[in-house]
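Engineer: The following block contains the structure, expressed as structure tokens.
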Amino acid sequence: MSEAALEGYVRINREKGRFMVDKRAFYDQALFERERAYIFDRCWLYVAHESEVALPGSFLTRQVGSYSILFNKDRDGGIHAYHNLCTHRGVLLSTEKCGRGNTFSCPYHGWVFDAKGKLLDQGARSGYPPGFNEDGTYNLHPVPRLEQYGGFYFMNMNPRAVSLEKYLAGAKEWIDLIIDQNERGLEVTPGEQEFRVNFNWKSITENQIDSYHGPSLHSTYFQYAAKRAGDTPQQQAAAYAGGGFAFGNGHGGFELGIKVGKPVADWIPAFGEETRPLIETKKAEILAKWGEERGTRMTTRTRNLLIFPNTILNDVLSLSIRTSYPESATSSRSNIWSLVPVGEDPLVRKVRLQNHLTFVGPGGFAHPDDYEMFDRRAIADHQSPPFLHDYSKGMYPGYAEDFMVNVGDQSDEAQHRAWWTQWDRMLRGEETMEG
Amino acid sequence: MPELSLKDSVENFLFLEADLLDGWKLTEWEALLTDDAQYLIPPIGVQDGATLSAAETMFVIMDDRAQLAARLERLKSSKGFCEVPRSNLRRLVSNVRVLGKEGEELRVAANFCVFRIRRAEIVQYIGQYRYQLVAHGAAYKIRSKRVILDIDVLRGQGSISIIL
Ligand code: FES
Ligand SMILES: [Fe+2]
């Protein structure tokens with residue numbers, strides 16, 4: 001892709017207070033490769049949560065971006081991420097989604113590797129000189145960087161990338177708000193949701209920090225939510241107020257006061273009387289430990305956080321983490337995992353999972369409507385003249401603020417502008433996230 | 001006329017149900033449910049979808065009667081945008097078997113393929129139903145419907161926007 005062709009996806013006019021994105025960003029064929037090399041191979045990408053390899057000798061395989069990754073814990077508790085690839089002739093090493101085992105063997109010629117990636121055996125008695133693998137060339141290939149924050153493991157294909165901690169910048173505050181809700185830590189529940197769709201990954205991703213569309217597109221969900229919470233529509237509308245935030249490096253999100261029930265510590269009638277004392281005790285504990293202000297944010301306010309480019313943490317009616325990756329310029333793959341507090345009471349666990357499913361995922365009351373909109377956009381992309389998508393809400397003529405670190409009304413588009421600014425800078429190579 | 005065998009009467013009931021769902025007759029379908037009915041779709045890509053508990057595992061759908069009522073209301077409204085306009089649906093139900101009988105409750109399995117036709121695209125949901133049916137007059141009511149999908153990834157819009 002020529003440098004000149006990269007100009008003009010994002011069009012900013014501060015004087016008029018306009019922030020616009022060319023619709024081609026959602027389907028240009030050449031962007032697929034460019035995004036892979038300049039964004040996905042340079043950013044920290046979510047791999048897995050530590051709880052998914054809790055026991056020594058456990059492993060999982062997962063596609064992260066365009067790579068198949070083998071993520072595991074060795075006998076000594078070391079956690080690794082390797083390319084899921086036999087170093088002999090490049091056959092996919094493990095075809096299991098997850099499992100236990102201290103060695104990985106490739107059925108083709110019988111090469112065997114241990115959990116620390118070391119080649120143990122080539123399945124042949126002859127033909128290799130002693131010291132054939134002295135320099136470790138034939139050990140499993142680890143991903144260049146693997147780091148974690150609060151139990152969330154991320155990988156980076158760029159050896160020179162900034163540390164994960166530095167990369168996360170202001171987003172850490174919101175991750176902490178989630179982690180600190182649960183003294184005993186979080187774990188991923190069984191039951192991963194995965195789906196493939198025929199539209200660009202950015203449609204899914206930017207939607208996750210879009211609070212603006214809620215009252216319009218999801219009115220059927222909000223009616224049901226008000227009923228579950230015992231709220232009148234007026235009470236519900238009043239509680240919608242919140243803020244939209246950009247945290248630096250393209251990360252952003254929004255926070256709301258709307259009452260949808262948080263199984264951790266915000267009880268609603270739909271959770272049933274039997275869970276009420278459990279949830280209210282937890283709420284009191286959190287408030288006592290973290291103080292009125294932070295405690296209230298943790299227990300009763302909801303937030304959607306997007307870690308650039310594509311990791312989403314939903315701390316709303318449940319906790320979940322999701323990613324969306326391009327499979328081509330016009331198709332994507334998305335995964336959702338549900339996070340739960342370790343040691344949660346089974347009654348609360350049940351209402352948590354049910355609450356999650358009122359809104360989230362392929363069978364939720366909201367997701368299918370969002371995806372219908374992405375589908376309609378994909379159709380319109382091919383049936384419209386040159387066109388710019390608008391992201392100007394909350395931006396006014398003569399706008400002088402820094403897009404990357406910004407605050408706005410919850411339904412404004414400040415967080416979108418930060419995300420697109422980072423996307424544009426990285427795509428053009430102006431920002432590399434090294435250092 | 002000879003009396004219907006148990007299998008025939010169950011099959012007739014499931015074919016009627018299929019017809020109602022394909023025809024978007026959601027009110028009539030709802031009338032087939034008991035007051036404590038549940039509608040479950042276990043996660044996709046697992047081997048034990050028939051036995052998994054929705055209280056411990058993240059399902060795709062775990063509706064109790066109240067949530068199912070809300071789902072139907074949503075689908076009937078003009079604001080259930082995922083099905084505006086409504087997709088064409090056609091389902092094939094076969095291999096109907098009565099697995100067991102406890103008191104007045106029958107456990108039934110049936111294979112299905114549901115086609116959702118929308119905007120020149122056909123999405124197929126393939127799998128097996130597991131029902132708990134209770135006798136009701138000459139027919140039955142549905143106490144539980146578990147939809148075990150064999151497809152290992154959701155394609156198309158990545159949603160299940162219809163009643164399977
Ligand atoms: S390709 Fe794996 S052992 Fe040869
Ligand atoms: Fe939405």
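Following the order of the structure tokens, first chain is A, next is B, and so on, with residues numbered from 1 inside each chain and ligands from 1 in the order they appear.
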With 9 Å as the limit and counting only C-alpha atoms, what residues in chain B lie close to chain A? Please list them as a VMD selection string.
Structural biologist: chain B and resid 41 to 46 54 to 63 67 70 to 71 73 to 74 77 79 to 83 152 to 162
Engineer: Store the residues of this selection in a file with C-alpha atoms, as a short mmCIF file (atom, residue, chain, number, x, y, z; two decimals), in the first residue's frame.
Structural biologist:
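out_24.cif, freshly written:
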data_model
loop_
_atom_site.label_atom_id
_atom_site.label_comp_id
_atom_site.auth_asym_id
_atom_site.auth_seq_id
_atom_site.Cartn_x
_atom_site.Cartn_y
_atom_site.Cartn_z
CA ILE B 41 -28.91 -23.32 23.94
CA PRO B 42 -25.66 -24.74 25.35
CA PRO B 43 -22.34 -23.40 24.07
CA ILE B 44 -21.30 -24.27 20.56
CA GLY B 45 -18.40 -26.61 19.88
CA VAL B 46 -18.71 -28.78 23.01
CA ALA B 54 -26.51 -23.43 32.54
CA ALA B 55 -25.87 -22.54 36.17
CA GLU B 56 -22.15 -23.18 35.74
CA THR B 57 -21.35 -22.75 32.08
CA MET B 58 -21.91 -19.76 29.83
CA PHE B 59 -24.65 -20.83 27.44
CA VAL B 60 -25.77 -19.00 24.34
CA ILE B 61 -29.31 -18.81 25.70
CA MET B 62 -30.67 -19.74 29.13
CA ASP B 63 -34.24 -18.48 29.24
CA GLN B 67 -36.99 -14.24 29.90
CA ALA B 70 -39.52 -11.04 27.02
CA ARG B 71 -37.62 -12.55 24.07
CA GLU B 73 -42.22 -9.77 22.97
CA ARG B 74 -38.99 -8.30 21.61
CA SER B 77 -42.09 -5.67 18.25
CA LYS B 79 -37.92 -2.61 17.38
CA GLY B 80 -36.46 -6.10 17.36
CA PHE B 81 -34.30 -4.84 14.53
CA CYS B 82 -32.36 -8.05 13.95
CA GLU B 83 -35.49 -9.55 12.43
CA ASP B 152 -18.89 -25.50 15.57
CA VAL B 153 -18.96 -21.83 14.74
CA LEU B 154 -21.76 -19.35 14.19
CA ARG B 155 -21.58 -17.77 10.79
CA GLY B 156 -23.57 -15.21 8.90
CA GLN B 157 -24.39 -12.43 11.30
CA GLY B 158 -22.92 -14.33 14.22
CA SER B 159 -26.27 -14.24 15.98
CA ILE B 160 -29.17 -16.46 16.86
CA SER B 161 -31.91 -13.95 16.28
CA ILE B 162 -34.71 -16.47 15.78
#
Engineer: When DSSP works through the backbone of this structure, what residues of chain B end up as alpha helix (DSSP H), shown as a VMD selection string?
Structural biologist: chain B and resid 6 to 22 26 to 30 65 to 76
Engineer: Keeping only N, CA, C and O atoms, take the residues you just selected and write them out as a short mmCIF file (atom, residue, chain, number, x, y, z; two decimals), in the first residue's frame.
Structural biologist:
data_model
loop_
_atom_site.label_atom_id
_atom_site.label_comp_id
_atom_site.auth_asym_id
_atom_site.auth_seq_id
_atom_site.Cartn_x
_atom_site.Cartn_y
_atom_site.Cartn_z
N LEU B 6 -47.48 -43.53 20.42
CA LEU B 6 -46.85 -42.46 21.20
C LEU B 6 -45.90 -41.66 20.31
O LEU B 6 -45.91 -40.44 20.28
N LYS B 7 -45.12 -42.40 19.54
CA LYS B 7 -44.13 -41.75 18.69
C LYS B 7 -44.81 -40.84 17.66
O LYS B 7 -44.36 -39.72 17.41
N ASP B 8 -45.93 -41.33 17.09
CA ASP B 8 -46.63 -40.51 16.09
C ASP B 8 -47.22 -39.25 16.72
O ASP B 8 -47.20 -38.18 16.11
N SER B 9 -47.75 -39.40 17.92
CA SER B 9 -48.37 -38.22 18.53
C SER B 9 -47.30 -37.18 18.89
O SER B 9 -47.52 -35.98 18.73
N VAL B 10 -46.13 -37.64 19.32
CA VAL B 10 -45.04 -36.71 19.62
C VAL B 10 -44.56 -36.05 18.34
O VAL B 10 -44.36 -34.84 18.26
N GLU B 11 -44.41 -36.87 17.31
CA GLU B 11 -43.94 -36.35 16.03
C GLU B 11 -44.91 -35.29 15.47
O GLU B 11 -44.48 -34.22 15.03
N ASN B 12 -46.19 -35.59 15.54
CA ASN B 12 -47.19 -34.62 15.09
C ASN B 12 -47.04 -33.31 15.83
O ASN B 12 -47.12 -32.22 15.25
N PHE B 13 -46.83 -33.42 17.12
CA PHE B 13 -46.69 -32.21 17.94
C PHE B 13 -45.46 -31.41 17.52
O PHE B 13 -45.51 -30.19 17.36
N LEU B 14 -44.35 -32.10 17.30
CA LEU B 14 -43.12 -31.38 16.91
C LEU B 14 -43.26 -30.76 15.52
O LEU B 14 -42.72 -29.69 15.26
N PHE B 15 -43.97 -31.44 14.65
CA PHE B 15 -44.18 -30.88 13.30
C PHE B 15 -45.06 -29.63 13.37
O PHE B 15 -44.84 -28.65 12.67
N LEU B 16 -46.05 -29.68 14.24
CA LEU B 16 -46.91 -28.50 14.45
C LEU B 16 -46.05 -27.34 14.98
O LEU B 16 -46.14 -26.21 14.50
N GLU B 17 -45.23 -27.66 15.96
CA GLU B 17 -44.37 -26.62 16.54
C GLU B 17 -43.47 -26.01 15.46
O GLU B 17 -43.31 -24.80 15.37
N ALA B 18 -42.89 -26.88 14.63
CA ALA B 18 -42.00 -26.41 13.56
C ALA B 18 -42.73 -25.45 12.63
O ALA B 18 -42.21 -24.41 12.23
N ASP B 19 -43.97 -25.81 12.34
CA ASP B 19 -44.78 -24.98 11.44
C ASP B 19 -45.04 -23.60 12.05
O ASP B 19 -44.98 -22.59 11.35
N LEU B 20 -45.34 -23.59 13.33
CA LEU B 20 -45.62 -22.31 13.99
C LEU B 20 -44.36 -21.43 13.98
O LEU B 20 -44.44 -20.24 13.68
N LEU B 21 -43.23 -22.02 14.27
CA LEU B 21 -42.00 -21.22 14.32
C LEU B 21 -41.59 -20.73 12.92
O LEU B 21 -41.22 -19.58 12.75
N ASP B 22 -41.71 -21.61 11.94
CA ASP B 22 -41.37 -21.19 10.58
C ASP B 22 -42.30 -20.07 10.11
O ASP B 22 -41.90 -19.20 9.35
N LEU B 26 -45.60 -16.57 16.78
CA LEU B 26 -44.94 -16.64 18.08
C LEU B 26 -45.93 -16.72 19.24
O LEU B 26 -45.67 -17.37 20.25
N THR B 27 -47.08 -16.07 19.09
CA THR B 27 -48.09 -16.14 20.16
C THR B 27 -48.61 -17.57 20.28
O THR B 27 -48.75 -18.11 21.38
N GLU B 28 -48.88 -18.18 19.13
CA GLU B 28 -49.37 -19.56 19.13
C GLU B 28 -48.29 -20.50 19.67
O GLU B 28 -48.59 -21.46 20.37
N TRP B 29 -47.05 -20.22 19.33
CA TRP B 29 -45.96 -21.06 19.85
C TRP B 29 -45.87 -20.94 21.37
O TRP B 29 -45.73 -21.93 22.07
N GLU B 30 -46.01 -19.71 21.86
CA GLU B 30 -45.92 -19.49 23.30
C GLU B 30 -47.00 -20.27 24.04
O GLU B 30 -46.79 -20.73 25.17
N ARG B 65 -39.00 -18.87 32.03
CA ARG B 65 -40.26 -18.51 31.35
C ARG B 65 -40.36 -17.00 31.14
O ARG B 65 -40.80 -16.53 30.09
N ALA B 66 -39.92 -16.23 32.17
CA ALA B 66 -40.04 -14.77 32.08
C ALA B 66 -39.12 -14.22 30.99
O ALA B 66 -39.52 -13.33 30.22
N GLN B 67 -37.92 -14.75 30.91
CA GLN B 67 -36.99 -14.24 29.90
C GLN B 67 -37.43 -14.65 28.49
O GLN B 67 -37.28 -13.89 27.54
N LEU B 68 -38.01 -15.83 28.41
CA LEU B 68 -38.51 -16.28 27.10
C LEU B 68 -39.69 -15.40 26.66
O LEU B 68 -39.80 -15.03 25.49
N ALA B 69 -40.54 -15.06 27.62
CA ALA B 69 -41.67 -14.16 27.29
C ALA B 69 -41.14 -12.82 26.78
O ALA B 69 -41.63 -12.28 25.78
N ALA B 70 -40.11 -12.32 27.44
CA ALA B 70 -39.52 -11.04 27.02
C ALA B 70 -38.87 -11.17 25.64
O ALA B 70 -38.94 -10.26 24.81
N ARG B 71 -38.24 -12.31 25.38
CA ARG B 71 -37.62 -12.55 24.07
C ARG B 71 -38.67 -12.52 22.97
O ARG B 71 -38.47 -11.93 21.90
N LEU B 72 -39.81 -13.17 23.24
CA LEU B 72 -40.87 -13.23 22.23
C LEU B 72 -41.47 -11.86 22.00
O LEU B 72 -41.73 -11.46 20.86
N GLU B 73 -41.66 -11.12 23.08
CA GLU B 73 -42.22 -9.77 22.97
C GLU B 73 -41.30 -8.90 22.12
O GLU B 73 -41.74 -8.15 21.25
N ARG B 74 -39.99 -9.04 22.36
CA ARG B 74 -38.99 -8.30 21.61
C ARG B 74 -39.06 -8.64 20.11
O ARG B 74 -39.02 -7.78 19.25
N LEU B 75 -39.18 -9.94 19.84
CA LEU B 75 -39.21 -10.38 18.45
C LEU B 75 -40.48 -9.95 17.74
O LEU B 75 -40.51 -9.79 16.52
N LYS B 76 -41.55 -9.78 18.52
CA LYS B 76 -42.81 -9.37 17.90
C LYS B 76 -42.85 -7.87 17.64
O LYS B 76 -43.62 -7.40 16.84
#
Engineer: Using only C-alpha atoms and all ligand atoms for the distances, tell me which of A:Tyr138, A:Tyr325, A:Tyr27, A:Tyr399 is nearest to ligand 1.
Structural biologist: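 Between A:Tyr138, A:Tyr325, A:Tyr27, A:Tyr399, the residue approaching ligand 1 most closely is A:Tyr138.
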Engineer: May I have the residues within 7 Å of segment 79-85 of chain A as a list in words, using only C-alpha atoms and disregarding those fewer than 4 positions away in the same chain?
Structural biologist: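 The neighbour list is Ser68, Ile69, Leu70, Phe71, Asn72, Lys73, Asp74, Gly90, Val91, Leu92, Leu93, Ser94, Leu140, His141, Pro142, Val143 and Leu146 of chain A.
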Engineer: Looking at only C-alpha atoms and all ligand atoms, which of A:Arg417, A:Lys259, A:Arg377, A:His109 is the one that sits closest to ligand 1?
Structural biologist: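 Smallest distance to ligand 1 is found for A:His109.
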Engineer: What does the list of residues within 7 Å of ligand 1 look like if you count only C-alpha atoms and all ligand atoms, written as a PDB file with N, CA, C and O atoms, in the first residue's frame?
Structural biologist:
ATOM      1  N   CYS A  86       4.960 -27.159  14.763  1.00  0.00           N
ATOM      2  CA  CYS A  86       6.094 -28.064  14.908  1.00  0.00           C
ATOM      3  C   CYS A  86       7.276 -27.471  14.150  1.00  0.00           C
ATOM      4  O   CYS A  86       7.146 -27.073  12.990  1.00  0.00           O
ATOM      5  N   THR A  87       8.430 -27.416  14.805  1.00  0.00           N
ATOM      6  CA  THR A  87       9.586 -26.737  14.203  1.00  0.00           C
ATOM      7  C   THR A  87      10.274 -27.579  13.126  1.00  0.00           C
ATOM      8  O   THR A  87      11.220 -27.125  12.494  1.00  0.00           O
ATOM      9  N   HIS A  88       9.801 -28.810  12.918  1.00  0.00           N
ATOM     10  CA  HIS A  88      10.386 -29.621  11.840  1.00  0.00           C
ATOM     11  C   HIS A  88       9.884 -29.141  10.485  1.00  0.00           C
ATOM     12  O   HIS A  88      10.597 -28.546   9.703  1.00  0.00           O
ATOM     13  N   ARG A  89       8.611 -29.361  10.207  1.00  0.00           N
ATOM     14  CA  ARG A  89       8.085 -28.949   8.905  1.00  0.00           C
ATOM     15  C   ARG A  89       6.791 -28.173   9.029  1.00  0.00           C
ATOM     16  O   ARG A  89       5.934 -28.242   8.143  1.00  0.00           O
ATOM     17  N   GLY A  90       6.647 -27.519  10.179  1.00  0.00           N
ATOM     18  CA  GLY A  90       5.577 -26.528  10.274  1.00  0.00           C
ATOM     19  C   GLY A  90       4.167 -27.052  10.315  1.00  0.00           C
ATOM     20  O   GLY A  90       3.247 -26.377   9.856  1.00  0.00           O
ATOM     21  N   VAL A  91       3.990 -28.251  10.872  1.00  0.00           N
ATOM     22  CA  VAL A  91       2.627 -28.761  11.033  1.00  0.00           C
ATOM     23  C   VAL A  91       2.032 -28.192  12.321  1.00  0.00           C
ATOM     24  O   VAL A  91       2.743 -28.020  13.310  1.00  0.00           O
ATOM     25  N   CYS A 106       4.311 -34.129  17.795  1.00  0.00           N
ATOM     26  CA  CYS A 106       3.802 -33.935  16.452  1.00  0.00           C
ATOM     27  C   CYS A 106       3.674 -35.302  15.785  1.00  0.00           C
ATOM     28  O   CYS A 106       4.656 -36.041  15.700  1.00  0.00           O
ATOM     29  N   PRO A 107       2.476 -35.647  15.334  1.00  0.00           N
ATOM     30  CA  PRO A 107       2.285 -36.983  14.780  1.00  0.00           C
ATOM     31  C   PRO A 107       3.023 -37.224  13.462  1.00  0.00           C
ATOM     32  O   PRO A 107       3.277 -38.380  13.100  1.00  0.00           O
ATOM     33  N   TYR A 108       3.405 -36.174  12.753  1.00  0.00           N
ATOM     34  CA  TYR A 108       3.936 -36.377  11.405  1.00  0.00           C
ATOM     35  C   TYR A 108       5.225 -37.216  11.409  1.00  0.00           C
ATOM     36  O   TYR A 108       5.272 -38.303  10.850  1.00  0.00           O
ATOM     37  N   HIS A 109       6.295 -36.711  12.049  1.00  0.00           N
ATOM     38  CA  HIS A 109       7.519 -37.518  12.127  1.00  0.00           C
ATOM     39  C   HIS A 109       7.904 -37.849  13.557  1.00  0.00           C
ATOM     40  O   HIS A 109       8.960 -38.413  13.806  1.00  0.00           O
ATOM     41  N   GLY A 110       7.056 -37.412  14.479  1.00  0.00           N
ATOM     42  CA  GLY A 110       7.259 -37.820  15.861  1.00  0.00           C
ATOM     43  C   GLY A 110       8.141 -36.919  16.713  1.00  0.00           C
ATOM     44  O   GLY A 110       8.675 -37.352  17.722  1.00  0.00           O
ATOM     45  N   TRP A 111       8.314 -35.673  16.334  1.00  0.00           N
ATOM     46  CA  TRP A 111       9.069 -34.766  17.195  1.00  0.00           C
ATOM     47  C   TRP A 111       8.270 -34.483  18.461  1.00  0.00           C
ATOM     48  O   TRP A 111       7.042 -34.305  18.404  1.00  0.00           O
TER      49      TRP A 111
END
Engineer: I'd like the neighbourhood of Gln234 of chain A as a PyMOL selection string, where a residue qualifies if any of its atoms comes within 12 Å (using only C-alpha atoms), though same-chain residues fewer than 6 positions away should be ignored.
Structural biologist: chain A and resi 222-223+226+240+258
Engineer: Since we have the selection now, will you write its residues out, keeping N, CA, C and O atoms, as a short mmCIF file (atom, residue, chain, number, x, y, z; two decimals), in the first residue's frame?
Structural biologist:
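New file result-v4.cif:
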data_model
loop_
_atom_site.label_atom_id
_atom_site.label_comp_id
_atom_site.auth_asym_id
_atom_site.auth_seq_id
_atom_site.Cartn_x
_atom_site.Cartn_y
_atom_site.Cartn_z
N PHE A 222 -33.63 -2.32 26.93
CA PHE A 222 -33.73 -1.44 28.10
C PHE A 222 -35.11 -1.53 28.76
O PHE A 222 -35.22 -1.39 29.97
N GLN A 223 -36.14 -1.80 27.98
CA GLN A 223 -37.46 -2.02 28.59
C GLN A 223 -37.41 -3.24 29.51
O GLN A 223 -37.92 -3.21 30.63
N ALA A 226 -35.33 -2.48 32.64
CA ALA A 226 -36.05 -1.66 33.63
C ALA A 226 -36.98 -2.54 34.45
O ALA A 226 -37.10 -2.41 35.66
N TYR A 240 -28.94 7.04 33.19
CA TYR A 240 -28.10 6.77 32.03
C TYR A 240 -26.84 7.62 32.05
O TYR A 240 -25.81 7.26 31.51
N ILE A 258 -26.57 3.43 34.77
CA ILE A 258 -27.83 2.73 34.50
C ILE A 258 -27.90 1.41 35.27
O ILE A 258 -26.91 0.70 35.41
#
Engineer: Do you have the atom CA of Arg146 of chain B-atom CA of Tyr131 of chain B distance handy?
Structural biologist: 6.3 Å
